[in-house]
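Note sheet for the following structure.
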Amino acid sequence: MGSPRRGTLTVFLGYAPGVGKTVAMLETAATAAGNGRDVVIGIVEDHGRAFTRALAEGFETIDRRPVDYRGRTFHELDIEGVLARAPELVIIDELAHTNVPGGAETRTKRWEDVETILAAGIDVFTTVNIQHLESLGDVVGAIIGRNQAERVPDPFLRAADEVELIDISPAALRTRLVDGRIYAAEKVDAAMSNYFRLGNLTALRELALLWLADRVDEGLEKYRDEKGIRATWAARDRILVAVTGGPESTTLIRRGLRIAGRIAGRELHVVHVIEPDGTRRSGAPHLLSARELAEANNAVWHTVVGDDVAKALIEFARTLNASQIVLGVSRTPWYRRMFGPGVANRVISAAADIDVHMVTHAQAAKFWQVDRERTRENPLSRVRRILGWVVGALAPLLLTALFVGLGPGSTSLSMNFLAYITVVVLVALIGGLWPAVTTAVFGAGLINFFFTHPVNSLTVRQIENILALVIFVAVAVAVATVVDQAARRTRQAQAAEHEAGVLSELAGSMIAEGDSPEAMVAGIRTSFALDGVTLFVRADRADVADVAAASAGEPIASRAEASEVIDLDEDTSLALKGRPLSAGEQRILDAYAGRLLRVLTESALQRSRTEAKELSAGNAVRTALLTAVSHDLRTPLGAITTATSTLLLDEIELSESDQKLMLKTIEHGAQRLEKLIDNLLDMSRIQSGAVTISTAPVLVADVVASALDELGGDRSRGSAAGDGDSGGQPRIIVDIDPETWVDVDAGLVERVLVNIIENSVKYGEGAPITIDSSTGTDAVHLRIADSGPGVREEALESIFTPFTRLNESNTKGLGLGMAVALGLCRAMGIELSAEPTPGGGFTAVLTIPRRGGAPVASGTTSE
């Protein structure tokens with residue numbers, strides 16, 4: 001018997017909790033069961049939603065597997081039970097779930113359980129949110145403000161037999177949230193202001209739609225490849241703009257942008273065809289400007305190699321499945337088109353079902369001027385041209401004198417022809433085509449006069465001599481033309497190589513040093529071997545000269561000190577000091593002018609955004625501070641005032657125990673005030689950047705011990721489980737290598753640990769707290785984990801936000817502890833992150849980089 005068939009995987013994809021993935025999955029499964037399929041529930045999470053629970057009650061459910069972990073019992077998917085039951089279809093919710101450690105299983109992720117079930121031939125229905133895709137982790141993290149810990153590999157999800165997007169508008173989803181259909185009422189406000197912000201939901205929804213569209217497109221391309229379909233299927237409208245790299249390229253790209261911008265979902269691609277030897281027909285500056293314009297507008301740039309431009313364009317368009325091609329009207333003169341159809345006509349003839357747009361441009365009307373410019377263009381220097389004429393005049397005369405001096409009959413006519421052709425080739429190499437052609441005609445006259453019968457006469461009597469002279473002139477002109485063209489191509493290739501080298505150096509410097517005005521100015525100075533380069537920006541005040549925005553090399557105080565000044569726009573100029581630039585280098589520099597201006601604009605906008613963000617954050621902090629202070633500071637102040645007034649009353653005689661109680665109340669209130677004020681001061685120092693760092697090598701165990709001492713010595717510490725401590729305080733278990741060193745500010749790290757441990761004590765409901773560490777090559781990882789109720793996934797993003805309490809019923813503190821801890825860690829270069837404790841609870845992780853000065857631990861610990 002062969003191996004069992006692989007089960008089919010159906011994924012119900014959503015962009016956020018509450019969109020209805022589980023409900024849609026259960027309704028689809030109910031339809032399958034109604035059609036006679038054997039359907040069971042492996043695991044479904046209803047999250048307290050009655051409607052979801054009611055849908056699940058109609059199915060046979062496989063009991064969950066109990067797992068004991070850290071003194072608590074959890075219930076996970078019983079994969080052995082599913083395999084033993086062997087239904088046709090099993091429902092498994094929350095594909096990205098991390099399994100609680102326990103038992104003999106080595107699978108840590110639920111998607112691995114699903115893979116095992118599929119391999120057994122059982123079909124699976126499952127759910128997942130777009131935020132859990134591995135490839136989108138960084139993008140989602142930037143949107144929601146934190147990285148997603150639980151992820152599913154993209155290849156696994158892309159291999160699904162069917163992916164169904166469960167979609168709902170962000171506004172409707174927020175309405176569901178307000179109505180209490182997603183979370184309990186006490187968590188709605190926090191969710192609305194954090195994860196469920198309208199902008200977050202809109203961005204996540206767009207990610208889900210784009211990911212699904214790409215998957216559908218992959219399926220279409222796979223089908224076309226399997227069936228060998230070459231015809232264009234315009235399922236997604238793709239516009240292909242073909243550019244030569246000439247001045248008209250930007251015009252064509254802008255036309256393509258207008259075509260693509262009319263309908264959402266269209267794609268714009270720009271292609272530049274080069275010859276196999278790498279030479280281009282147009283200058284690099286125009287090509288660079290075109291590429292920057294394309295990439296700045298989210299178009300995809302392609303470079304294709306091909307001898308036949310038209311054929312390469314058509315083949316690439318069909319490979320891309322393009323529906324439209326945008327071409328520019330030809331700049332080729334009419335007399336050149338007489339020898340065959342141009343690229344545009346050939347593309348139109350071969351396009352078949354692909355629409356071709358012919359776009360006019362300014363360069364098309366100037367083809368006569370362009371041709372005259374090409375005719376006049378001569379890359380040879382004036383000295384070489386003069387030398388070519390001189391050699392063309394003297395060399396034939398000297399050669400004739402040599403042959404005449406040797407005497408009649410000493411050399412054959414064919415030898416004379418070869419000698420003069422050699423002179424013609426030499427003149428072509430030195431002075432170019434026209435001196436060589438003139439030399440060929442002059443040499444033919446000399447041969448006719450001195451070496452053909454009758455000699456000393458221009459008369460030619462023999463037909464073969466006439467033909468020989470004609471052939472000589474034709475061969476000499478042809479050879480001169482070939483030699484001249486080869487020399488021109490060589491010089492053009494050298495110039496192109498030089499320009500490409502300069503562009504490569506400039507681009508490389510931008511990549512290596514950063515896309516900033518300073519990096520670009522430094523790259524320009526290095527690439528063009530200048531003494532100094534300064535970027536001047538017009539000052540806001542009329543009585544102040546231009547301000548240097550960036551400078552490299554020798555300083556240039558003003559425009560007057562520069563060898564050359566290039567005005568980028570009305571307010572910006574580039575001052576150069578050093579050698580003069582060639583015309584080609586000037587073109588390259590002009591190409592970078594737009595890029596430099598855009599970088600300046602982006603820098604200014606970024607500064608404005610940063611300032612606005614800082615002002616907004618400052619206003620938000622001040623508002624929250626006033627709100628928090630009005631409540632949290634009054635509580636201990638009220639207790640102190642009441643206790644003090646009671647002690648001062650003469651009418652009441654207090655016993656010694658009552659007096660001690662009042663004094664303890666005052667002491668406790670004062671300690672609370674001190675703690676609140678310390679946090680406020682720390683937050684103020686962090687926001688103003690006034691945190692002073694003083695690092696030194698220190699043992700991690702010593703820092704942890706100091707933090708626990710500050711919290712109070714009544715907490716038990718040890719490396720193994722033990723009895724709980726008295727007073728209702730949680731037991732703290734410390735498991736740290738005593739020889740683990742770090743180079744940090746011990747006082748600030750101690751403050752961070754105190755805040756984190758106090759947070760776990762406050763919200764951990766008395767559950768044990770474990771502090772352990774592991775040492776890697778580059779960093780030490782210090783974990784503070786509790787096994788309490790934990791923090792819901794959607795609340796992890798806000799735990800470091802100032803004035804945030806995870807439980808509003810707990811009114812102790814301003815909600816600054818974790819925010820202060822994060823700020824201090826960032827000031828020290830330490831990464832602080834939060835994640836769920838496996839099996840339940842909250843874990844804070846400090847990743848402390850290993851720096852020079854900290855001794856290496858004698859061993860490493862593992863988790």
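Simple scheme: letters A, B, ... for chains in structure tokens order, numbers from 1 for residues in each chain, numbers from 1 for ligands in the order shown.
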Write out as an MDAnalysis selection string which residues come within 12 Å of Leu418 of chain A when counting only C-alpha atoms, dropping same-chain ones fewer than 6 positions away. chainID A and resid 399 411:412 424:425 440 443:444 447 468:469 471:473 475:476
Residues of segment 3-219 of chain A classed as strand (DSSP E or B) by DSSP on the backbone are to be reported as a PyMOL selection string. chain A and resi 9-14+39-43+60-61+65-69+72-76+89-92+98+109+123-129+133+152+162-165
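Note that atom CA of Ile733 of chain A and atom CA of Thr770 of chain A are 4.7 Å apart.
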Determine the nearest neighbour of Arg382 of chain A from the options A:Ala317, A:Val359, A:Phe51, A:Gly431, counting only C-alpha atoms.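 Going through A:Ala317, A:Val359, A:Phe51, A:Gly431 one by one, the smallest distance to Arg382 of chain A is for A:Gly431.
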Could you jot down the atom CA of Pro396 of chain A to atom CA of Thr439 of chain A separation for me, Å, one decimal place?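 Here the two named atoms are 7.5 Å from each other.
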Between atom CA of Ile166 of chain A and atom CA of Glu76 of chain A, distance in Å (one decimal):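 It comes out at 25.4 Å.
Proximity ranking of A:Val243, A:Leu252, A:Leu201, A:Ala56 relative to Ala310 of chain A places A:Val243 first, based on only C-alpha atoms.
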